[in-house]
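**Q** I'm passing along my_file.cif; it holds mmCIF, C-alpha atoms.
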data_protein
loop_
_atom_site.group_PDB
_atom_site.id
_atom_site.type_symbol
_atom_site.label_atom_id
_atom_site.label_comp_id
_atom_site.auth_asym_id
_atom_site.auth_seq_id
_atom_site.Cartn_x
_atom_site.Cartn_y
_atom_site.Cartn_z
ATOM 1 C CA MET O 44 -3.496 7.611 14.726
ATOM 2 C CA LYS O 45 0.282 7.149 14.989
ATOM 3 C CA ILE O 46 2.058 7.424 11.640
ATOM 4 C CA LEU O 47 5.677 6.521 10.989
ATOM 5 C CA LEU O 48 6.992 8.483 7.996
ATOM 6 C CA ALA O 49 10.323 7.125 6.802
ATOM 7 C CA THR O 50 12.446 9.578 4.810
ATOM 8 C CA ASP O 51 15.817 9.504 3.094
ATOM 9 C CA GLY O 52 15.557 13.113 1.931
ATOM 10 C CA SER O 53 14.812 12.162 -1.674
ATOM 11 C CA GLU O 54 12.040 13.584 -3.850
ATOM 12 C CA TYR O 55 10.181 10.289 -3.346
ATOM 13 C CA SER O 56 10.193 10.745 0.424
ATOM 14 C CA GLU O 57 9.088 14.360 -0.019
ATOM 15 C CA ALA O 58 6.148 13.135 -2.123
ATOM 16 C CA ALA O 59 5.140 10.851 0.754
ATOM 17 C CA ALA O 60 5.265 13.768 3.199
ATOM 18 C CA LYS O 61 3.195 15.959 0.863
ATOM 19 C CA PHE O 62 0.581 13.207 0.575
ATOM 20 C CA LEU O 63 0.043 13.339 4.336
ATOM 21 C CA THR O 64 -0.953 16.996 4.052
ATOM 22 C CA ASN O 65 -4.082 15.751 2.221
ATOM 23 C CA LEU O 66 -5.333 14.044 5.395
ATOM 24 C CA THR O 67 -7.483 15.754 8.020
ATOM 25 C CA LEU O 68 -5.168 14.956 10.912
ATOM 26 C CA SER O 69 -5.854 16.481 14.342
ATOM 27 C CA PRO O 70 -3.654 17.392 17.342
ATOM 28 C CA ASP O 71 -4.536 13.949 18.733
ATOM 29 C CA ASP O 72 -2.706 12.310 15.828
ATOM 30 C CA GLU O 73 1.070 11.880 15.701
ATOM 31 C CA ILE O 74 3.615 11.673 12.894
ATOM 32 C CA THR O 75 7.112 10.417 13.660
ATOM 33 C CA ILE O 76 9.606 11.293 10.927
ATOM 34 C CA LEU O 77 12.316 8.642 10.839
ATOM 35 C CA HIS O 78 15.650 8.931 9.065
ATOM 36 C CA VAL O 79 18.029 5.982 9.051
ATOM 37 C CA ILE O 80 21.767 6.497 8.616
ATOM 38 C CA GLY O 81 22.883 3.411 6.738
ATOM 39 C CA TRP O 82 26.208 1.846 7.498
ATOM 40 C CA VAL O 83 28.535 -0.543 5.665
ATOM 41 C CA PRO O 84 30.752 -2.861 7.782
ATOM 42 C CA SER O 85 34.347 -2.285 6.726
ATOM 43 C CA LYS O 86 37.914 -3.181 7.671
ATOM 44 C CA GLY O 87 41.404 -2.023 6.825
ATOM 45 C CA GLU O 88 41.879 0.986 4.560
ATOM 46 C CA ALA O 89 38.145 1.166 3.723
ATOM 47 C CA GLU O 90 37.295 1.681 7.395
ATOM 48 C CA ARG O 91 38.761 5.197 7.452
ATOM 49 C CA TYR O 92 37.012 6.069 4.190
ATOM 50 C CA TYR O 93 33.598 4.904 5.420
ATOM 51 C CA ALA O 94 34.124 6.624 8.770
ATOM 52 C CA GLY O 95 34.377 9.915 6.878
ATOM 53 C CA LEU O 96 31.182 9.179 4.979
ATOM 54 C CA LYS O 97 29.401 8.291 8.197
ATOM 55 C CA GLU O 98 30.411 11.620 9.712
ATOM 56 C CA LEU O 99 29.049 13.417 6.643
ATOM 57 C CA LYS O 100 25.745 11.499 6.888
ATOM 58 C CA HIS O 101 25.375 12.558 10.521
ATOM 59 C CA GLU O 102 25.937 16.168 9.499
ATOM 60 C CA ILE O 103 23.302 16.015 6.748
ATOM 61 C CA ALA O 104 20.690 13.982 8.685
ATOM 62 C CA PRO O 105 19.222 16.888 10.721
ATOM 63 C CA ARG O 106 18.740 18.851 7.496
ATOM 64 C CA ILE O 107 16.788 15.951 5.997
ATOM 65 C CA LEU O 108 14.534 15.803 9.043
ATOM 66 C CA ASP O 109 14.062 19.578 9.096
ATOM 67 C CA ALA O 110 13.100 19.628 5.399
ATOM 68 C CA THR O 111 10.394 17.019 6.048
ATOM 69 C CA VAL O 112 9.114 18.883 9.108
ATOM 70 C CA ASN O 113 8.803 21.968 6.912
ATOM 71 C CA ILE O 114 6.665 20.087 4.350
ATOM 72 C CA LEU O 115 4.352 18.950 7.152
ATOM 73 C CA LYS O 116 3.762 22.459 8.541
ATOM 74 C CA PRO O 117 0.138 22.540 7.258
ATOM 75 C CA VAL O 118 -0.646 19.384 9.276
ATOM 76 C CA SER O 119 -2.270 19.728 12.711
ATOM 77 C CA ALA O 120 -0.837 16.460 14.060
ATOM 78 C CA LYS O 121 2.009 16.359 16.581
ATOM 79 C CA ILE O 122 5.335 16.021 14.762
ATOM 80 C CA LYS O 123 8.292 14.093 16.191
ATOM 81 C CA THR O 124 11.641 13.207 14.640
ATOM 82 C CA ALA O 125 13.875 10.178 15.111
ATOM 83 C CA LEU O 126 17.386 9.419 13.886
ATOM 84 C CA VAL O 127 18.872 5.923 14.025
ATOM 85 C CA GLU O 128 21.788 4.008 12.534
ATOM 86 C CA GLY O 129 21.463 0.634 10.857
ATOM 87 C CA GLU O 130 20.060 -1.170 7.848
ATOM 88 C CA PRO O 131 17.230 1.034 6.542
ATOM 89 C CA ASP O 132 14.548 -1.619 6.033
ATOM 90 C CA LYS O 133 15.175 -3.401 9.341
ATOM 91 C CA SER O 134 15.364 -0.114 11.241
ATOM 92 C CA ILE O 135 12.044 1.065 9.784
ATOM 93 C CA ILE O 136 10.378 -2.264 10.595
ATOM 94 C CA ASP O 137 11.658 -2.098 14.190
ATOM 95 C CA ALA O 138 10.357 1.469 14.578
ATOM 96 C CA ALA O 139 6.983 0.429 13.129
ATOM 97 C CA ALA O 140 6.201 -1.507 16.305
ATOM 98 C CA ASN O 141 4.847 1.693 17.883
ATOM 99 C CA ALA O 142 2.926 2.921 14.817
ATOM 100 C CA ASP O 143 -0.502 2.292 13.306
ATOM 101 C CA LEU O 144 0.629 3.039 9.760
ATOM 102 C CA VAL O 145 4.013 3.201 8.009
ATOM 103 C CA VAL O 146 4.340 5.675 5.124
ATOM 104 C CA LEU O 147 7.148 5.590 2.554
ATOM 105 C CA GLY O 148 7.942 6.853 -0.922
ATOM 106 C CA GLU O 149 8.602 4.467 -3.813
ATOM 107 C CA LYS O 150 11.316 5.075 -6.380
ATOM 108 C CA GLY O 151 9.174 3.352 -8.997
ATOM 109 C CA VAL O 152 11.728 0.861 -10.342
ATOM 110 C CA MET O 153 9.831 -1.636 -12.463
ATOM 111 C CA SER O 154 12.486 -4.110 -13.607
ATOM 112 C CA ILE O 155 12.312 -7.840 -12.943
ATOM 113 C CA LYS O 156 15.547 -7.455 -10.978
ATOM 114 C CA SER O 157 13.871 -5.068 -8.541
ATOM 115 C CA LEU O 158 10.936 -7.424 -8.110
ATOM 116 C CA LEU O 159 13.249 -10.265 -7.054
ATOM 117 C CA ILE O 160 15.777 -8.307 -5.000
ATOM 118 C CA GLY O 161 13.545 -5.519 -3.742
ATOM 119 C CA SER O 162 14.048 -1.942 -2.639
ATOM 120 C CA VAL O 163 13.881 -0.771 0.969
ATOM 121 C CA THR O 164 10.269 0.229 0.392
ATOM 122 C CA ARG O 165 9.321 -3.173 -0.955
ATOM 123 C CA SER O 166 11.148 -4.950 1.871
ATOM 124 C CA VAL O 167 9.295 -2.877 4.476
ATOM 125 C CA ALA O 168 5.939 -3.445 2.747
ATOM 126 C CA ILE O 169 6.497 -7.196 2.773
ATOM 127 C CA ASN O 170 7.959 -7.628 6.248
ATOM 128 C CA SER O 171 6.403 -4.868 8.336
ATOM 129 C CA PRO O 172 3.987 -6.153 10.997
ATOM 130 C CA LYS O 173 1.949 -2.951 10.556
ATOM 131 C CA SER O 174 -0.053 -1.602 7.628
ATOM 132 C CA VAL O 175 1.980 0.241 5.001
ATOM 133 C CA LEU O 176 1.131 3.141 2.669
ATOM 134 C CA VAL O 177 3.477 3.422 -0.312
ATOM 135 C CA ILE O 178 3.342 6.703 -2.235
ATOM 136 C CA LYS O 179 4.202 6.346 -5.929
ATOM 137 C CA PRO O 180 6.250 8.923 -7.903
ATOM 138 C CA PRO O 181 3.432 10.384 -10.063
ATOM 139 C CA GLN O 182 1.590 11.646 -7.000
ATOM 140 C CA ARG O 183 3.253 14.894 -6.010
ATOM 141 C CA GLU O 184 0.077 16.907 -5.594
ATOM 142 C CA ARG O 185 -3.531 15.740 -5.493
ATOM 143 C CA LEU O 186 -6.047 17.531 -7.669
ATOM 144 C CA GLY O 187 -9.778 17.321 -6.903
ATOM 145 C CA ARG O 188 -11.590 14.593 -5.012
ATOM 146 C CA MET O 189 -9.466 11.700 -3.768
ATOM 147 C CA LYS O 190 -10.447 8.369 -5.337
ATOM 148 C CA ILE O 191 -9.777 5.164 -3.421
ATOM 149 C CA LEU O 192 -10.059 1.636 -4.831
ATOM 150 C CA PHE O 193 -10.568 -1.016 -2.145
ATOM 151 C CA ALA O 194 -10.041 -4.527 -3.532
ATOM 152 C CA THR O 195 -11.574 -7.202 -1.313
ATOM 153 C CA ASP O 196 -12.062 -10.951 -1.514
ATOM 154 C CA GLY O 197 -14.184 -10.987 1.647
ATOM 155 C CA SER O 198 -11.425 -12.531 3.769
ATOM 156 C CA ASP O 199 -10.318 -11.420 7.217
ATOM 157 C CA TYR O 200 -7.192 -9.958 5.580
ATOM 158 C CA SER O 201 -9.319 -7.775 3.320
ATOM 159 C CA ASP O 202 -11.500 -6.702 6.239
ATOM 160 C CA VAL O 203 -8.402 -5.528 8.127
ATOM 161 C CA ALA O 204 -7.455 -3.354 5.143
ATOM 162 C CA GLY O 205 -11.002 -2.045 4.751
ATOM 163 C CA ARG O 206 -11.412 -1.165 8.416
ATOM 164 C CA LEU O 207 -8.043 0.593 8.334
ATOM 165 C CA LEU O 208 -9.604 2.976 5.808
ATOM 166 C CA THR O 209 -12.144 4.086 8.390
ATOM 167 C CA SER O 210 -9.328 5.225 10.705
ATOM 168 C CA ILE O 211 -7.241 7.063 8.099
ATOM 169 C CA LEU O 212 -8.568 10.616 8.013
ATOM 170 C CA PHE O 213 -9.097 11.197 4.303
ATOM 171 C CA LEU O 214 -10.924 14.379 3.368
ATOM 172 C CA ASP O 215 -14.718 14.223 3.609
ATOM 173 C CA ASP O 216 -15.213 14.290 -0.159
ATOM 174 C CA ALA O 217 -13.118 11.127 -0.731
ATOM 175 C CA GLU O 218 -14.810 8.609 -3.036
ATOM 176 C CA ILE O 219 -14.328 4.886 -2.465
ATOM 177 C CA THR O 220 -14.970 2.049 -4.909
ATOM 178 C CA ILE O 221 -15.189 -1.510 -3.585
ATOM 179 C CA LEU O 222 -13.940 -4.069 -6.093
ATOM 180 C CA ASN O 223 -14.471 -7.820 -5.864
ATOM 181 C CA VAL O 224 -12.923 -10.010 -8.536
ATOM 182 C CA ILE O 225 -14.548 -13.390 -9.111
ATOM 183 C CA GLN O 226 -12.113 -16.182 -9.869
ATOM 184 C CA SER O 227 -14.625 -18.327 -11.696
ATOM 185 C CA ALA O 228 -14.763 -22.111 -11.379
ATOM 186 C CA LEU O 229 -14.489 -22.127 -15.196
ATOM 187 C CA SER O 230 -11.309 -20.082 -15.289
ATOM 188 C CA ASP O 231 -9.087 -23.134 -15.817
ATOM 189 C CA ILE O 232 -11.032 -24.318 -18.900
ATOM 190 C CA PRO O 233 -9.421 -22.955 -22.124
ATOM 191 C CA GLU O 234 -11.802 -20.887 -24.287
ATOM 192 C CA ARG O 235 -11.584 -23.242 -27.274
ATOM 193 C CA PHE O 236 -13.027 -26.116 -25.224
ATOM 194 C CA VAL O 237 -16.032 -24.203 -23.902
ATOM 195 C CA THR O 238 -17.967 -24.982 -27.102
ATOM 196 C CA VAL O 239 -18.128 -28.683 -26.204
ATOM 197 C CA ILE O 240 -20.184 -28.001 -23.085
ATOM 198 C CA ASN O 241 -23.590 -29.615 -23.519
ATOM 199 C CA ASP O 242 -26.962 -28.316 -22.354
ATOM 200 C CA ARG O 243 -26.829 -30.113 -19.002
ATOM 201 C CA ILE O 244 -23.440 -28.653 -18.195
ATOM 202 C CA LYS O 245 -24.578 -25.218 -19.401
ATOM 203 C CA GLU O 246 -27.271 -25.285 -16.741
ATOM 204 C CA ASN O 247 -24.647 -26.051 -14.094
ATOM 205 C CA VAL O 248 -22.427 -23.315 -15.448
ATOM 206 C CA ALA O 249 -25.242 -20.771 -15.311
ATOM 207 C CA LYS O 250 -26.070 -21.768 -11.731
ATOM 208 C CA ALA O 251 -22.417 -21.565 -10.673
ATOM 209 C CA ARG O 252 -22.076 -18.116 -12.232
ATOM 210 C CA SER O 253 -25.258 -16.949 -10.497
ATOM 211 C CA LEU O 254 -23.909 -18.133 -7.133
ATOM 212 C CA GLU O 255 -20.558 -16.465 -7.784
ATOM 213 C CA PHE O 256 -22.171 -13.098 -8.475
ATOM 214 C CA ALA O 257 -24.450 -13.430 -5.453
ATOM 215 C CA GLU O 258 -21.414 -14.104 -3.244
ATOM 216 C CA SER O 259 -19.610 -11.143 -4.790
ATOM 217 C CA GLU O 260 -22.545 -8.876 -3.969
ATOM 218 C CA ARG O 261 -22.515 -10.169 -0.384
ATOM 219 C CA ILE O 262 -18.787 -9.384 -0.071
ATOM 220 C CA ILE O 263 -19.286 -5.859 -1.413
ATOM 221 C CA ASP O 264 -22.293 -5.228 0.874
ATOM 222 C CA LYS O 265 -20.294 -6.434 3.874
ATOM 223 C CA ALA O 266 -17.530 -3.928 3.126
ATOM 224 C CA ARG O 267 -20.038 -1.165 2.388
ATOM 225 C CA ASP O 268 -21.616 -1.647 5.835
ATOM 226 C CA TYR O 269 -18.487 -0.665 7.764
ATOM 227 C CA LEU O 270 -17.161 1.851 5.220
ATOM 228 C CA ARG O 271 -20.349 3.927 5.173
ATOM 229 C CA LYS O 272 -19.541 5.008 8.740
ATOM 230 C CA ARG O 273 -16.671 7.023 7.282
ATOM 231 C CA PHE O 274 -17.374 7.587 3.573
ATOM 232 C CA LYS O 275 -20.386 9.216 1.931
ATOM 233 C CA THR O 276 -19.690 8.142 -1.661
ATOM 234 C CA ILE O 277 -19.269 4.359 -2.013
ATOM 235 C CA ASN O 278 -19.481 2.413 -5.278
ATOM 236 C CA GLY O 279 -19.330 -1.351 -5.881
ATOM 237 C CA ILE O 280 -17.892 -3.237 -8.864
ATOM 238 C CA THR O 281 -17.744 -6.960 -9.627
ATOM 239 C CA LYS O 282 -15.363 -8.317 -12.246
ATOM 240 C CA VAL O 283 -14.416 -11.802 -13.393
ATOM 241 C CA GLY O 284 -10.875 -12.991 -14.030
ATOM 242 C CA ASP O 285 -7.393 -12.515 -12.621
ATOM 243 C CA PRO O 286 -7.482 -10.341 -9.461
ATOM 244 C CA PHE O 287 -4.135 -8.616 -10.058
ATOM 245 C CA THR O 288 -4.947 -7.660 -13.654
ATOM 246 C CA ASN O 289 -8.447 -6.458 -12.803
ATOM 247 C CA ILE O 290 -7.298 -4.402 -9.822
ATOM 248 C CA LEU O 291 -4.749 -2.510 -11.905
ATOM 249 C CA SER O 292 -7.069 -2.003 -14.889
ATOM 250 C CA THR O 293 -9.898 -0.777 -12.641
ATOM 251 C CA ALA O 294 -7.570 1.620 -10.845
ATOM 252 C CA GLU O 295 -6.449 3.036 -14.176
ATOM 253 C CA THR O 296 -10.024 3.396 -15.448
ATOM 254 C CA LEU O 297 -11.121 5.156 -12.253
ATOM 255 C CA LYS O 298 -7.940 7.252 -12.128
ATOM 256 C CA ALA O 299 -7.587 6.090 -8.530
ATOM 257 C CA ASP O 300 -5.247 7.898 -6.164
ATOM 258 C CA VAL O 301 -4.868 4.913 -3.833
ATOM 259 C CA ILE O 302 -5.349 1.138 -4.099
ATOM 260 C CA VAL O 303 -6.099 -0.675 -0.834
ATOM 261 C CA VAL O 304 -5.468 -4.417 -0.501
ATOM 262 C CA GLY O 305 -5.134 -6.926 2.326
ATOM 263 C CA CYS O 306 -2.054 -9.035 2.936
ATOM 264 C CA ARG O 307 -1.969 -12.707 3.894
ATOM 265 C CA GLY O 308 1.464 -12.295 5.445
ATOM 266 C CA MET O 309 3.434 -14.587 3.098
ATOM 267 C CA ARG O 310 7.204 -14.341 3.420
ATOM 268 C CA GLY O 311 10.181 -15.064 1.208
ATOM 269 C CA VAL O 312 10.441 -15.382 -2.585
ATOM 270 C CA LYS O 313 7.118 -17.198 -2.903
ATOM 271 C CA GLY O 314 5.353 -14.377 -1.102
ATOM 272 C CA MET O 315 7.063 -11.740 -3.208
ATOM 273 C CA LEU O 316 6.096 -13.332 -6.508
ATOM 274 C CA GLY O 317 2.856 -15.059 -5.651
ATOM 275 C CA SER O 318 0.563 -12.744 -3.745
ATOM 276 C CA VAL O 319 -1.800 -10.224 -5.271
ATOM 277 C CA SER O 320 -0.724 -7.503 -2.832
ATOM 278 C CA ARG O 321 2.971 -7.848 -3.752
ATOM 279 C CA ASN O 322 2.216 -7.687 -7.483
ATOM 280 C CA VAL O 323 -0.101 -4.714 -7.072
ATOM 281 C CA LEU O 324 2.590 -2.906 -5.074
ATOM 282 C CA SER O 325 5.198 -3.579 -7.763
ATOM 283 C CA ARG O 326 3.119 -2.627 -10.804
ATOM 284 C CA SER O 327 0.597 -0.038 -9.637
ATOM 285 C CA LYS O 328 1.018 3.483 -10.994
ATOM 286 C CA CYS O 329 -0.826 4.955 -8.014
ATOM 287 C CA SER O 330 -0.162 4.748 -4.295
ATOM 288 C CA VAL O 331 -0.883 1.506 -2.427
ATOM 289 C CA ILE O 332 -2.025 0.704 1.109
ATOM 290 C CA ILE O 333 -1.297 -2.839 2.296
ATOM 291 C CA GLY O 334 -3.444 -3.533 5.337
ATOM 292 C CA LYS O 335 -2.067 -5.851 7.995
ATOM 293 C CA ALA O 336 -3.422 -7.099 11.297
ATOM 294 C CA GLY O 337 -0.263 -6.237 13.235
#
Please express the file's structure as structure tokens.
**A**
Amino acid sequence: MKILLATDGSEYSEAAAKFLTNLTLSPDDEITILHVIGWVPSKGEAERYYAGLKELKHEIAPRILDATVNILKPVSAKIKTALVEGEPDKSIIDAAANADLVVLGEKGVMSIKSLLIGSVTRSVAINSPKSVLVIKPPQRERLGRMKILFATDGSDYSDVAGRLLTSILFLDDAEITILNVIQSALSDIPERFVTVINDRIKENVAKARSLEFAESERIIDKARDYLRKRFKTINGITKVGDPFTNILSTAETLKADVIVVGCRGMRGVKGMLGSVSRNVLSRSKCSVIIGKAG
């Protein structure tokens, strides 16, 4: 597996590097540590000022790369470094073309402003053509068995994310829980009106619910079939309601280390606000993998 680890030298980037030491990577795997020297176009008097800052950034950059290499010493994978100039998010996305997985740290800003404007991490997660693993601030060191929550709706997008899990070399004792959230056909009927449903409709409701749970079980079994090739401990959970809310609540209950979701590839403001994967990325307390078919 080829991993692109983007670092800016911050504690958040260091947390992402430390997370990779929890994987059973081999000499056949490769980690490229990328540092981007950001630049600000300037003219006049500001040009000389920014030129001095740019020189300082070039002086510090090798130290940032060396510090990350040092964190990754326990890893058996081949380690490479890369230094580029440009806009951080665009530079990372360009470099991702040669990777299987992009790994970044997340500063954990939770304001509405950050959701609309977006950090570099969020921009990469949304626009990268390759799957992205975002490490959240609470996860400096992992204690005990790694717990992974894989949320699937049975779509091709979810399958891409699930199959990605079989190629990421988590430790052998990792435990995976497959979650399918049923968005019931009754979900748009307010609770106070449910009482007016007569016996004939109740029969239809019961049948619809039975079919929904049967389909959920099929989706979970489908995911279990390909995940069992890699994981020994696999659990399945079905819930009813809003996918985003149920994914986060289940992750909290399980004390999950990682949430895995698929991405339908939506772009722009609608994609940022509307998709389950974007909302999970923004609000999850634990790390998030967004699987993509790139």
**Q** Between O:Ser320, O:Thr124, O:Ser174, O:Ser119, which residue has the minimum interatomic distance to O:Thr50, considering all atoms listed in the file?
**A**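 Counting all atoms listed in the file, the residue closest to O:Thr50 is O:Thr124.
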**Q** Hey, which of O:Asp300, O:Glu246, O:Asp132, O:Glu149 ends up closest to O:Leu192? Count only C-alpha atoms.
**A**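 Between O:Asp300, O:Glu246, O:Asp132, O:Glu149, the residue approaching O:Leu192 most closely is O:Asp300.
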**Q** For a quick check of understanding, using all atoms listed in the file, which of O:Arg261, O:Lys190, O:Lys335, O:Arg326 has the smallest distance to O:Leu297?
**A** O:Lys190
**Q** Extract, using all atoms listed in the file, all DNA, RNA and protein residues at most 12 Å from O:Phe213, discarding same-chain residues fewer than 2 positions from it, and format them as a VMD selection string.
**A** chain O and resid 62 to 69 188 to 191 207 to 211 215 to 219 273 to 275 300 to 301
**Q** Give me the residues near O:Gln226 as number ranges by chain, where near means some atom within 7 Å (using all atoms listed in the file) and where sequence neighbours in that chain fewer than 6 positions away do not count.
**A** O: 283-285
**Q** Go ahead and dump the residues you just picked, C-alpha atoms, as a short mmCIF file (atom, residue, chain, number, x, y, z; two decimals), in the frame of the given file.
**A**
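So the final result, stored in out_22.cif, reads:
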data_model
loop_
_atom_site.label_atom_id
_atom_site.label_comp_id
_atom_site.auth_asym_id
_atom_site.auth_seq_id
_atom_site.Cartn_x
_atom_site.Cartn_y
_atom_site.Cartn_z
CA VAL O 283 -14.42 -11.80 -13.39
CA GLY O 284 -10.88 -12.99 -14.03
CA ASP O 285 -7.39 -12.52 -12.62
#
**Q** List the residues selected by the PyMOL selection byres ((chain O and resi 59) around 8) in the file shown, writing them as a ChimeraX atom specification.
**A** /O:48,55-58,60-63,146-148,177-178
**Q** Closest to O:Ser171 among O:Ala299, O:Lys123, O:Leu115, O:Gly334, using all atoms listed in the file?
**A**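 Nearest candidate to O:Ser171 out of O:Ala299, O:Lys123, O:Leu115, O:Gly334: O:Gly334.
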